[in-house]
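Please read the structure below before turning to the comments.
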Amino acid sequence: MLHIVEHSVIDSIKLIPFLFLAYLAMEYLEHRTGNGIRRWLKNADKAAPVMGSLLGAVPQCGFSAAASNLYAGRVITLGTLIAIYLSTSDEMLPILISERVPFKEIVGILLGKALLGMTAGLLIDLIRRRKKAEDRGSIHDICEQEHCHCEKGILSSALTHTAQIAFFILLITFILNLVLHFAGDDILENLLRDKAVLGPVLTGFVGLIPNCAGSVVITRLYLEGALGLGATMAGLFTGSGVGVLVLFRVNHNRRENLKILLLLYGIGVAAGIVMGFLPV
């Protein structure tokens with residue numbers, strides 16, 4: 001039990017800097033910037049999915065957690081959010097490196113995730129701009145929900161938001177680690193192993209689990225040869241770490257959250273199926 005608590009605390013602490021910087025940026029934009037900066041950010045959204053997908057490729061799911069907060073405050077677009085989710089690497093990259101996987105293969109996987117994130121993000125934003133569907137809200141939506149008393153100042157508000165979300169992540173991470181500890185990683189391995197036809201569908205679902213266990217199991221099975229490239233990539237595409245978990249916590253529109261979850265899953269699985277037909 002002590003090991004589970006320690007592991008949960010460590011996982012949650014690693015996210016705190018990303019959360020704090022995200023909230024600090026949001027508070028600054030809301031309280032200190034003028035209309036000129038806001039218009040610049042809105043125009044910059046057109047290229048934001050490209051940068052988002054590159055940042056998401058960094059082996060740390062903190063970017064996806066920060067992105068969820070930024071989207072809830074409508075600082076970034078849906079396309080940028082999905083781009084970051086799809087490209088997020090979580091524990092995949094450290095495992096590939098530790099197992100001495102050829103550099104070319106690692107770069108290919110990272111590029112595949114980043115390119116899909118860019119493409120999907122840019123396309124989503126293009127469609128939404130044409131439909132004029134992007135809701136440009138503000139940090140006040142989160143402030144009203146969390147009762148953080150933002151009038152006390154930028155730093156105080158950012159710390160309050162960070163503490164609230166960090167505690168929520170710690171609680172859910174502890175519960176997931178507890179379940180996985182007693183159920184064992186074998187339950188995920190047995191679910192995915194030798195499922196050639198349903199591989200991408202199942203791995204895509206496992207990737208949605210807001211815990212590093214999903215990406216660890218998927219990567220390990222890929223290295224053992226138990227999962228093909230398509231099934232592996234489907235799970236890695238949908239594996240956004242705690243990003244989706246944070247989204248459901250800070251974005252009050254539950255129907256929108258479900259649509260984002262289904263969109264992430266659909267894109268990831270579809271891309272995985274297509275990649276399964278590519279010559280390795």
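Labels for the structure tokens follow display order: chains A, B, ..., residues from 1 in each chain, ligands from 1.
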Find the spatial neighbours of range 118-120 of chain A, counting only C-alpha atoms, within a cut-off of 8 Å - ignore same-chain residues fewer than 4 positions away - and output them as a short mmCIF file (atom, residue, chain, number, x, y, z; two decimals) with N, CA and C atoms, in the first residue's frame.
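Output (selection.cif):
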```
data_model
loop_
_atom_site.label_atom_id
_atom_site.label_comp_id
_atom_site.auth_asym_id
_atom_site.auth_seq_id
_atom_site.Cartn_x
_atom_site.Cartn_y
_atom_site.Cartn_z
N PRO A 49 -1.84 24.06 -33.81
CA PRO A 49 -1.78 22.59 -33.77
C PRO A 49 -0.41 22.04 -34.15
N VAL A 50 0.32 22.75 -35.01
CA VAL A 50 1.66 22.30 -35.39
C VAL A 50 2.59 22.34 -34.18
N GLY A 52 1.65 22.53 -31.06
CA GLY A 52 1.10 21.65 -30.02
C GLY A 52 1.51 20.20 -30.22
N SER A 53 1.49 19.74 -31.45
CA SER A 53 1.86 18.35 -31.72
C SER A 53 3.34 18.11 -31.44
N GLY A 79 -8.61 21.99 -32.08
CA GLY A 79 -7.61 21.35 -32.94
C GLY A 79 -6.26 21.23 -32.25
N ILE A 82 -6.52 18.44 -29.54
CA ILE A 82 -6.45 17.10 -30.12
C ILE A 82 -5.05 16.80 -30.64
N ALA A 83 -4.38 17.80 -31.21
CA ALA A 83 -3.01 17.62 -31.71
C ALA A 83 -2.08 17.20 -30.58
N ALA A 114 3.33 12.79 -34.23
CA ALA A 114 3.33 14.24 -34.42
C ALA A 114 2.60 14.65 -35.71
N ILE A 124 -9.39 19.91 -38.01
CA ILE A 124 -10.47 20.19 -37.06
C ILE A 124 -10.70 21.69 -36.94
N ILE A 267 -10.16 8.97 -34.14
CA ILE A 267 -9.00 9.30 -34.96
C ILE A 267 -7.86 8.33 -34.70
#
```
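The coordinates place CA of Met233 in chain A at 10.7 Å from CA of Met92 in chain A.
Take the candidates A:Val75, A:Leu278, A:Leu208, A:Leu122 and check each one against Val242 in chain A using only C-alpha atoms; the shortest distance goes to A:Leu208.
Nearest-residue note for Gly235 in chain A: choosing from A:Leu258, A:Leu221, A:Leu155, A:Ile13, the minimum distance belongs to A:Leu221, counting only C-alpha atoms.
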_What's the separation between CA of Thr219 in chain A and CA of Ile95 in chain A, in Å to one decimal place?_
7.4 Å
*Nearest candidate to Arg128 in chain A (options A:Thr232, A:Ser156, A:Thr77, A:Ser215; using only C-alpha atoms)*: A:Thr77
*Which polymer residues have any atom within 12 Å of an atom of range 198-204 of chain A, counting only C-alpha atoms, with same-chain residues fewer than 5 positions away left out, as a VMD selection string?*
chain A and resid 86 188 to 193 209 214 to 219 221 to 222 226 to 240 261 to 277
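We find CA of Arg74 in chain A and CA of Val206 in chain A to be spaced 28.2 Å apart.
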*Closest to Thr88 in chain A among A:Lys113, A:Lys14, A:Arg220, A:Arg130, using only C-alpha atoms?*
A:Lys113
*In terms of the shortest atom-to-atom distance over only C-alpha atoms, which of A:Arg255, A:Leu247, A:Pro279, A:Ala158 is closest to Ala72 in chain A?*
A:Leu247
*Which residue, A:Leu93, A:Ile76, A:Leu245, A:Leu116, has the smallest gap to Leu171 in chain A when you use only C-alpha atoms?*
A:Leu245
